[in-house]
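Data file: my_file.cif. Format and content: mmCIF, C-alpha atoms and all ligand atoms.
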data_target
loop_
_atom_site.label_atom_id
_atom_site.label_comp_id
_atom_site.auth_asym_id
_atom_site.auth_seq_id
_atom_site.Cartn_x
_atom_site.Cartn_y
_atom_site.Cartn_z
CA MET A 1 0.00 0.00 0.00
CA LYS A 2 2.74 2.43 0.92
CA THR A 3 4.60 2.15 -2.36
CA VAL A 4 1.33 2.50 -4.25
CA MET A 5 0.62 5.70 -2.35
CA LYS A 6 4.09 7.00 -3.04
CA LYS A 7 3.79 6.25 -6.73
CA THR A 8 0.40 7.92 -6.90
CA LEU A 9 1.74 11.00 -5.17
CA LEU A 10 4.74 11.07 -7.47
CA ILE A 11 2.54 10.86 -10.55
CA ALA A 12 0.26 13.59 -9.17
CA ALA A 13 3.23 15.84 -8.37
CA THR A 14 4.81 15.30 -11.79
CA SER A 15 1.55 16.06 -13.62
CA LEU A 16 1.07 19.17 -11.55
CA ALA A 17 4.60 20.30 -12.34
CA ALA A 18 4.04 19.59 -16.01
CA ILE A 19 0.78 21.53 -16.08
CA THR A 20 2.04 24.56 -14.18
CA GLY A 21 5.35 24.39 -16.02
CA VAL A 22 3.53 24.66 -19.32
CA GLY A 23 1.44 27.48 -17.91
CA LEU A 24 4.41 29.54 -16.79
CA GLY A 25 7.17 28.43 -19.08
CA VAL A 26 5.85 29.34 -22.50
CA ALA A 27 7.66 32.44 -23.60
CA TYR A 28 5.79 34.70 -25.94
CA ALA A 29 7.21 33.76 -29.29
CA ALA A 30 5.34 35.70 -31.95
CA GLY A 31 6.45 38.98 -33.40
CA GLY A 32 8.71 39.96 -36.24
CA SER A 33 10.51 43.08 -35.18
CA SER A 34 12.73 42.70 -32.15
CA ASP A 35 12.14 46.20 -30.78
CA TYR A 36 8.36 45.87 -30.84
CA GLU A 37 6.92 44.39 -27.70
CA MET A 38 3.70 42.46 -28.33
CA LYS A 39 0.79 43.84 -26.34
CA HIS A 40 -0.84 41.02 -24.47
CA VAL A 41 -4.61 41.21 -24.01
CA HIS A 42 -6.39 39.35 -21.24
CA TRP A 43 -8.97 37.72 -23.52
CA HIS A 44 -12.17 36.56 -21.94
CA PHE A 45 -12.16 33.43 -24.10
CA ASN A 46 -8.85 32.02 -22.90
CA GLY A 47 -8.57 29.55 -20.03
CA PRO A 48 -10.57 26.43 -19.17
CA PHE A 49 -13.83 28.32 -18.47
CA GLY A 50 -13.43 30.89 -21.24
CA THR A 51 -16.44 32.39 -22.99
CA TYR A 52 -16.79 34.89 -25.80
CA ASP A 53 -17.96 38.40 -25.06
CA ARG A 54 -21.16 38.64 -27.10
CA ALA A 55 -21.33 42.44 -27.31
CA ALA A 56 -17.70 42.55 -28.46
CA MET A 57 -18.39 39.90 -31.12
CA GLN A 58 -21.33 41.89 -32.43
CA ARG A 59 -19.23 45.05 -32.66
CA GLY A 60 -16.51 42.92 -34.23
CA TYR A 61 -18.87 41.70 -36.92
CA GLN A 62 -19.74 45.31 -37.67
CA VAL A 63 -16.02 46.14 -38.07
CA TYR A 64 -15.48 43.09 -40.26
CA ARG A 65 -18.48 43.98 -42.42
CA GLU A 66 -17.74 47.69 -42.78
CA VAL A 67 -13.94 47.54 -43.03
CA CYS A 68 -12.26 44.16 -43.56
CA SER A 69 -14.84 42.49 -45.82
CA SER A 70 -13.89 44.61 -48.81
CA CYS A 71 -10.64 42.58 -48.99
CA HIS A 72 -10.81 39.53 -46.69
CA GLN A 73 -13.22 36.62 -47.10
CA LEU A 74 -14.56 34.32 -44.38
CA LYS A 75 -14.84 31.28 -46.59
CA PHE A 76 -15.57 28.70 -43.88
CA LEU A 77 -18.51 30.65 -42.50
CA SER A 78 -22.16 30.80 -43.59
CA PHE A 79 -24.39 33.65 -42.49
CA ARG A 80 -26.47 31.23 -40.44
CA HIS A 81 -23.45 30.56 -38.20
CA LEU A 82 -23.85 34.10 -36.83
CA GLY A 83 -27.08 32.89 -35.19
CA ASP A 84 -25.83 29.49 -34.00
CA LYS A 85 -25.74 28.77 -30.29
CA GLY A 86 -22.61 30.53 -29.02
CA GLY A 87 -22.53 32.80 -32.08
CA PRO A 88 -22.67 36.61 -31.93
CA TYR A 89 -26.37 36.85 -32.81
CA TYR A 90 -27.75 33.71 -31.18
CA ASP A 91 -31.27 34.26 -29.89
CA GLU A 92 -33.16 31.65 -27.86
CA ALA A 93 -36.35 32.68 -29.60
CA TYR A 94 -34.84 31.42 -32.87
CA PRO A 95 -33.17 28.06 -32.24
CA ASN A 96 -33.06 27.69 -36.02
CA PRO A 97 -30.77 30.53 -37.14
CA ASN A 98 -32.44 30.56 -40.57
CA ASP A 99 -35.40 32.28 -38.86
CA ASN A 100 -33.30 34.76 -36.86
CA PRO A 101 -34.19 38.27 -38.15
CA TYR A 102 -30.65 39.62 -37.56
CA VAL A 103 -29.14 36.75 -39.50
CA LYS A 104 -31.64 37.23 -42.33
CA ALA A 105 -30.92 40.96 -42.49
CA PHE A 106 -27.13 40.47 -42.45
CA ALA A 107 -27.36 37.84 -45.19
CA ALA A 108 -29.59 40.06 -47.31
CA ASP A 109 -27.01 42.84 -46.97
CA TRP A 110 -24.60 40.81 -49.17
CA THR A 111 -24.84 40.19 -52.88
CA ILE A 112 -24.50 36.58 -54.02
CA GLN A 113 -23.60 35.47 -57.56
CA ASP A 114 -25.93 32.69 -58.57
CA ILE A 115 -27.49 30.92 -61.53
CA ASP A 116 -31.14 31.33 -62.49
CA LEU A 117 -32.47 27.77 -62.34
CA ASP A 118 -35.03 28.38 -65.09
CA THR A 119 -32.86 30.15 -67.65
CA GLY A 120 -29.32 29.17 -66.60
CA ASP A 121 -28.31 32.84 -66.68
CA ALA A 122 -25.81 34.24 -64.19
CA ILE A 123 -27.69 36.43 -61.73
CA GLU A 124 -27.07 38.39 -58.59
CA ARG A 125 -29.39 38.09 -55.61
CA PRO A 126 -29.41 39.09 -51.93
CA GLY A 127 -27.92 36.52 -49.57
CA ILE A 128 -29.95 34.10 -47.45
CA PRO A 129 -28.82 32.57 -44.12
CA ALA A 130 -27.71 29.31 -45.78
CA ASP A 131 -25.24 31.10 -48.10
CA ARG A 132 -21.55 31.20 -47.35
CA PHE A 133 -19.71 34.49 -47.09
CA PRO A 134 -18.95 35.08 -50.77
CA ALA A 135 -15.57 35.35 -52.44
CA ILE A 136 -14.46 38.92 -52.99
CA TYR A 137 -12.18 38.42 -55.99
CA ASP A 138 -12.54 36.13 -59.00
CA ASN A 139 -9.23 34.40 -58.29
CA ALA A 140 -5.95 34.70 -56.36
CA ALA A 141 -4.23 36.62 -59.16
CA ALA A 142 -6.99 39.21 -59.23
CA ALA A 143 -6.83 39.45 -55.43
CA ALA A 144 -3.08 40.07 -55.50
CA ALA A 145 -3.32 42.51 -58.40
CA SER A 146 -5.77 44.65 -56.43
CA ASN A 147 -3.64 44.61 -53.26
CA ASN A 148 -0.03 45.63 -53.96
CA GLY A 149 0.89 42.14 -55.16
CA LYS A 150 -0.38 40.10 -52.22
CA ALA A 151 -3.74 38.41 -51.90
CA PRO A 152 -5.50 39.23 -48.61
CA PRO A 153 -5.61 35.93 -46.69
CA ASP A 154 -8.90 34.37 -45.63
CA LEU A 155 -9.72 35.42 -42.07
CA SER A 156 -12.07 32.60 -40.95
CA VAL A 157 -9.37 30.74 -39.04
CA MET A 158 -6.68 33.44 -38.89
CA ALA A 159 -6.96 33.69 -35.09
CA LYS A 160 -5.80 30.05 -34.92
CA ALA A 161 -3.42 30.06 -37.86
CA ARG A 162 -0.64 32.23 -36.47
CA THR A 163 1.63 31.84 -33.46
CA GLY A 164 0.22 34.15 -30.82
CA GLY A 165 -3.32 33.62 -32.14
CA ALA A 166 -5.69 36.40 -31.16
CA ASP A 167 -2.85 38.55 -29.81
CA TRP A 168 -1.10 38.41 -33.18
CA LEU A 169 -4.20 39.60 -34.98
CA TYR A 170 -4.78 42.40 -32.48
CA ASN A 171 -1.15 43.55 -32.57
CA ILE A 172 -1.11 43.63 -36.37
CA LEU A 173 -4.08 45.98 -36.28
CA ILE A 174 -2.69 48.41 -33.68
CA SER A 175 1.00 48.54 -34.53
CA TYR A 176 1.19 50.55 -37.76
CA ASP A 177 3.72 53.35 -37.89
CA LYS A 178 2.17 56.81 -37.58
CA ASP A 179 4.05 58.18 -40.60
CA ASP A 180 4.09 55.13 -42.87
CA VAL A 181 0.73 53.42 -43.33
CA PHE A 182 2.41 50.30 -44.74
CA TYR A 183 5.01 49.85 -41.98
CA ASN A 184 3.79 47.43 -39.33
CA LYS A 185 5.85 47.06 -36.16
CA ALA A 186 4.38 43.71 -35.05
CA TYR A 187 4.91 42.33 -38.56
CA GLY A 188 8.42 43.73 -38.53
CA GLY A 189 8.33 45.56 -41.86
CA GLN A 190 6.23 46.72 -44.79
CA MET A 191 2.93 44.99 -45.41
CA ALA A 192 0.80 44.92 -48.54
CA MET A 193 -2.11 45.94 -46.28
CA ALA A 194 -2.19 49.62 -45.37
CA ALA A 195 -3.36 50.38 -41.83
CA PRO A 196 -7.03 49.37 -42.14
CA LEU A 197 -8.36 51.11 -39.03
CA SER A 198 -8.56 54.74 -37.96
CA ASP A 199 -10.34 56.29 -34.99
CA GLY A 200 -14.07 56.78 -35.46
CA MET A 201 -14.18 54.71 -38.64
CA VAL A 202 -17.36 52.89 -37.68
CA GLU A 203 -20.28 54.11 -35.66
CA TYR A 204 -21.07 51.38 -33.19
CA ALA A 205 -24.73 50.50 -32.83
CA ASP A 206 -24.28 50.18 -29.04
CA GLY A 207 -22.65 53.60 -28.65
CA THR A 208 -19.16 52.31 -27.75
CA GLU A 209 -16.43 54.74 -28.83
CA ALA A 210 -14.75 53.35 -31.93
CA THR A 211 -11.06 53.90 -31.21
CA VAL A 212 -8.51 51.88 -33.19
CA ASP A 213 -7.76 49.87 -30.06
CA GLN A 214 -11.45 49.15 -29.43
CA MET A 215 -12.15 48.12 -33.03
CA ALA A 216 -9.02 45.94 -33.09
CA LYS A 217 -10.13 44.14 -29.91
CA ASP A 218 -13.69 43.71 -31.14
CA VAL A 219 -12.85 42.37 -34.58
CA THR A 220 -10.33 40.02 -32.95
CA GLU A 221 -13.05 38.73 -30.60
CA PHE A 222 -15.28 38.09 -33.60
CA LEU A 223 -12.49 36.35 -35.55
CA ALA A 224 -11.50 34.27 -32.50
CA TRP A 225 -15.08 32.99 -32.47
CA SER A 226 -15.12 32.33 -36.23
CA ALA A 227 -11.90 30.31 -35.87
CA ASP A 228 -13.34 28.21 -33.03
CA PRO A 229 -17.13 28.51 -32.85
CA LYS A 230 -17.54 25.32 -30.76
CA MET A 231 -15.09 26.44 -28.05
CA GLU A 232 -17.70 27.31 -25.42
CA VAL A 233 -19.58 24.02 -25.83
CA ARG A 234 -16.30 22.10 -25.72
CA LYS A 235 -15.17 23.80 -22.53
CA GLN A 236 -18.56 23.28 -20.86
CA THR A 237 -18.46 19.59 -21.77
CA GLY A 238 -14.90 19.39 -20.46
CA THR A 239 -15.89 20.91 -17.12
CA ALA A 240 -18.92 18.62 -16.77
CA THR A 241 -16.71 15.61 -17.54
CA MET A 242 -14.17 16.65 -14.91
CA ILE A 243 -16.89 17.04 -12.27
CA TYR A 244 -18.30 13.64 -13.20
CA LEU A 245 -14.88 12.00 -12.95
CA LEU A 246 -14.24 13.67 -9.60
CA ILE A 247 -17.52 12.37 -8.15
CA LEU A 248 -16.76 8.92 -9.58
CA ALA A 249 -13.31 8.97 -7.95
CA ILE A 250 -14.77 9.94 -4.56
CA LEU A 251 -17.39 7.17 -4.78
CA ALA A 252 -14.75 4.64 -5.78
CA TYR A 253 -12.61 5.67 -2.83
CA ILE A 254 -15.50 5.39 -0.36
CA SER A 255 -16.49 1.95 -1.60
CA TYR A 256 -12.84 0.85 -1.50
CA LYS A 257 -12.70 1.91 2.16
CA ARG A 258 -15.90 0.01 2.90
CA VAL A 259 -14.96 -3.20 1.16
CA TRP A 260 -11.57 -3.41 2.89
CA ARG A 261 -12.82 -2.02 6.20
CA ASN A 262 -12.20 -5.16 8.27
CA VAL A 263 -9.23 -6.54 6.40
CA GLU A 264 -5.63 -5.96 7.48
CA HIS A 265 -3.78 -4.69 4.34
C1 LIG A 301 -7.73 47.15 -48.76
C2 LIG A 301 -7.70 45.74 -48.50
C3 LIG A 301 -7.63 45.28 -47.05
C4 LIG A 301 -8.43 45.65 -46.00
C5 LIG A 301 -9.60 46.63 -46.00
C6 LIG A 301 -8.00 44.86 -44.88
N1 LIG A 301 -6.95 44.07 -45.23
FE1 LIG A 301 -5.97 42.78 -44.02
N2 LIG A 301 -4.67 42.34 -45.53
C7 LIG A 301 -4.73 42.83 -46.82
C8 LIG A 301 -3.61 42.31 -47.56
C9 LIG A 301 -3.30 42.61 -49.02
C10 LIG A 301 -2.85 41.51 -46.67
C11 LIG A 301 -1.54 40.77 -46.96
C12 LIG A 301 -0.44 41.64 -46.40
C13 LIG A 301 0.93 41.08 -46.49
O1 LIG A 301 1.09 39.85 -46.36
O2 LIG A 301 1.86 41.87 -46.69
C14 LIG A 301 -3.54 41.56 -45.41
C15 LIG A 301 -3.10 40.92 -44.26
C16 LIG A 301 -3.80 40.86 -43.08
C17 LIG A 301 -3.39 40.14 -41.91
C18 LIG A 301 -2.06 39.44 -41.73
C19 LIG A 301 -2.18 37.99 -41.88
C20 LIG A 301 -0.85 37.33 -41.66
O3 LIG A 301 -0.24 37.00 -42.66
O4 LIG A 301 -0.48 37.13 -40.50
C21 LIG A 301 -4.36 40.27 -40.98
C22 LIG A 301 -4.39 39.69 -39.58
C23 LIG A 301 -5.38 41.11 -41.56
N3 LIG A 301 -5.01 41.44 -42.83
C24 LIG A 301 -6.54 41.48 -40.91
C25 LIG A 301 -7.40 42.46 -41.37
C26 LIG A 301 -8.53 42.96 -40.62
C27 LIG A 301 -8.98 42.42 -39.27
C28 LIG A 301 -9.09 43.92 -41.35
C29 LIG A 301 -10.26 44.79 -40.97
C30 LIG A 301 -10.12 45.57 -39.78
C31 LIG A 301 -8.32 44.03 -42.59
N4 LIG A 301 -7.30 43.12 -42.56
C32 LIG A 301 -8.59 44.93 -43.62
C33 LIG A 301 -5.71 43.67 -47.32
C34 LIG A 301 -6.69 44.29 -46.55
#

Translate the structure described by the file into structure tokens.
Amino acid sequence: MKTVMKKTLLIAATSLAAITGVGLGVAYAAGGSSDYEMKHVHWHFNGPFGTYDRAAMQRGYQVYREVCSSCHQLKFLSFRHLGDKGGPYYDEAYPNPNDNPYVKAFAADWTIQDIDLDTGDAIERPGIPADRFPAIYDNAAAAAASNNGKAPPDLSVMAKARTGGADWLYNILISYDKDDVFYNKAYGGQMAMAAPLSDGMVEYADGTEATVDQMAKDVTEFLAWSADPKMEVRKQTGTATMIYLLILAILAYISYKRVWRNVEH
């Protein structure tokens, strides 16, 4: 029994060290230019109980729609996802996002290239919730040609695609040089994207002041969600599983004590 206890304790101690070690030991690695210090945001969605800030996501969608969407696509997203559970415009009254009036209005705000099923002609029509966010350029060459030689990358999973994740995205947006709109300090040089944000560029529906910093945080919140829309559900399931396992362990321990109560061991 004693050696078993010792081993168990050792394993517990090692796992604890490993977990905390990972937590403390990861140096912040992203960032191109050595004299730029990445600004680290305390995102609500990080950590084991993280959730997205719904108001920030809604403002972020507004920034994406009014600013970024003229160049960057969200090809993995359909409009209906905006109204999914956990999404920025989820509403309990509309469990089916296809019926959600916000989602319908946002979809209708986009123009979709389609084919007329009766005549076979190419047509344009307003979007419906089931449509995906449409492509902005006909092809990669056209995208590059319109943007100083570089195609604007898709943003659906950008918050996951780069080292530093959400912080990288946020820092790109706030670290342009004041005198050179193409020089980005976080990137560590010239970009093909000129500084996309300037103070007061959007008028937030909820009255929040639209500073560059605020818009950068909000659009990052929205893009963090688009890169991992199932995060909240996953974390809730994880927590429930941990609680279940803990109760199971306690019950197992109690029954172990009972069964061996009168036995010398
Ligand atoms: C006028 C077109 C245009 C607009 C508007 C625009 N971008 Fe860009 N963006 C680009 C181009 C082009 C690149 C590629 C730059 C490069 O690699 O040099 C880029 C690159 C980026 C990158 C860097 C990706 C990487 O490689 O790490 C991010 C992040 C980004 N854009 C986010 C945004 C966000 C968020 C918005 C809205 C606030 C926005 N962009 C608005 C054209 C645009």

Shortest contact to Asp206 (chain A), candidates A:Gly238, A:Pro97, A:Gly120, A:Gly60, atoms counted only C-alpha atoms, goes to A:Gly60

Using only C-alpha atoms, which of A:Ala159, A:Val103, A:Pro134, A:Asp121 sits nearest Pro229 (chain A)?
->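 Nearest candidate to Pro229 (chain A) out of A:Ala159, A:Val103, A:Pro134, A:Asp121: A:Ala159.
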
**Asked** Neighbours of ligand LIG 301 (chain A) within 6 Å, counting all atoms listed in the file, as a list in words?
**Response**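 Those within range of ligand LIG 301 (chain A) are Tyr64, Val67, Cys68, Ser70, Cys71, Asn147, Lys150, Ala151, Pro152, Leu169, Met191, Ala192, Met193, Pro196 and Leu197 of chain A.
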
For the selection just defined, write its residues with C-alpha atoms to a file, as a PDB file, keeping the file's coordinate frame.
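As written to disk, selection.pdb reads:
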ATOM      1  CA  TYR A  64     -15.480  43.090 -40.260  1.00  0.00           C
ATOM      2  CA  VAL A  67     -13.940  47.540 -43.030  1.00  0.00           C
ATOM      3  CA  CYS A  68     -12.260  44.160 -43.560  1.00  0.00           C
ATOM      4  CA  SER A  70     -13.890  44.610 -48.810  1.00  0.00           C
ATOM      5  CA  CYS A  71     -10.640  42.580 -48.990  1.00  0.00           C
ATOM      6  CA  ASN A 147      -3.640  44.610 -53.260  1.00  0.00           C
ATOM      7  CA  LYS A 150      -0.380  40.100 -52.220  1.00  0.00           C
ATOM      8  CA  ALA A 151      -3.740  38.410 -51.900  1.00  0.00           C
ATOM      9  CA  PRO A 152      -5.500  39.230 -48.610  1.00  0.00           C
ATOM     10  CA  LEU A 169      -4.200  39.600 -34.980  1.00  0.00           C
ATOM     11  CA  MET A 191       2.930  44.990 -45.410  1.00  0.00           C
ATOM     12  CA  ALA A 192       0.800  44.920 -48.540  1.00  0.00           C
ATOM     13  CA  MET A 193      -2.110  45.940 -46.280  1.00  0.00           C
ATOM     14  CA  PRO A 196      -7.030  49.370 -42.140  1.00  0.00           C
ATOM     15  CA  LEU A 197      -8.360  51.110 -39.030  1.00  0.00           C
TER      16      LEU A 197
END

Separating CA of Phe133 (chain A) from CA of Asp114 (chain A), to the nearest tenth of an Å, is a gap of 13.2 Å

Practice item. Rounded to one decimal place, report the CA of Asp138 (chain A)-CA of Arg162 (chain A) distance in Å. Key: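 Going from CA of Asp138 (chain A) over to CA of Arg162 (chain A), I get 25.8 Å.
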
So which one's closest to Gly127 (chain A), A:Val63, A:Ala105, A:Leu223, A:Ile247? Using only C-alpha atoms, please.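 Ranking A:Val63, A:Ala105, A:Leu223, A:Ile247 by distance to Gly127 (chain A), first place goes to A:Ala105.
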
Could you check the closest approach to Tyr36 (chain A) for each of A:Val202, A:Glu221, A:Ser226, A:Ser175 and tell me which residue wins, using all atoms listed in the file?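 Closest to Tyr36 (chain A), using all atoms listed in the file: A:Ser175.
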
Expressed in Å, the length from CA of Phe222 (chain A) to CA of Tyr61 (chain A) is 6.1 Å

Name the residues in contact with Ile172 (chain A) at a cut-off of 8 Å, using only C-alpha atoms, excluding same-chain residues fewer than 5 positions from it; report them as a ChimeraX atom specification. /A:184-187

Please write the residues from the selection above to a file, keeping C-alpha atoms, as a PDB file, in the coordinates of the input.
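The file below, out.pdb, is the result:
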ATOM      1  CA  ASN A 184       3.790  47.430 -39.330  1.00  0.00           C
ATOM      2  CA  LYS A 185       5.850  47.060 -36.160  1.00  0.00           C
ATOM      3  CA  ALA A 186       4.380  43.710 -35.050  1.00  0.00           C
ATOM      4  CA  TYR A 187       4.910  42.330 -38.560  1.00  0.00           C
TER       5      TYR A 187
END

message = Using all atoms listed in the file for the distances, tell me which of A:Ala145, A:Ala194, A:Ala130, A:Ala166 is nearest to Phe45 (chain A).
response =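 Ranked by minimum distance to Phe45 (chain A), first place goes to A:Ala166.
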
- Query: Which one is closest to Asp35 (chain A): A:Ser78, A:Lys104, A:Ala93, A:Gly189? Count all atoms listed in the file.
  - Reply: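 Using all atoms listed in the file, Asp35 (chain A) sits closest to A:Gly189.
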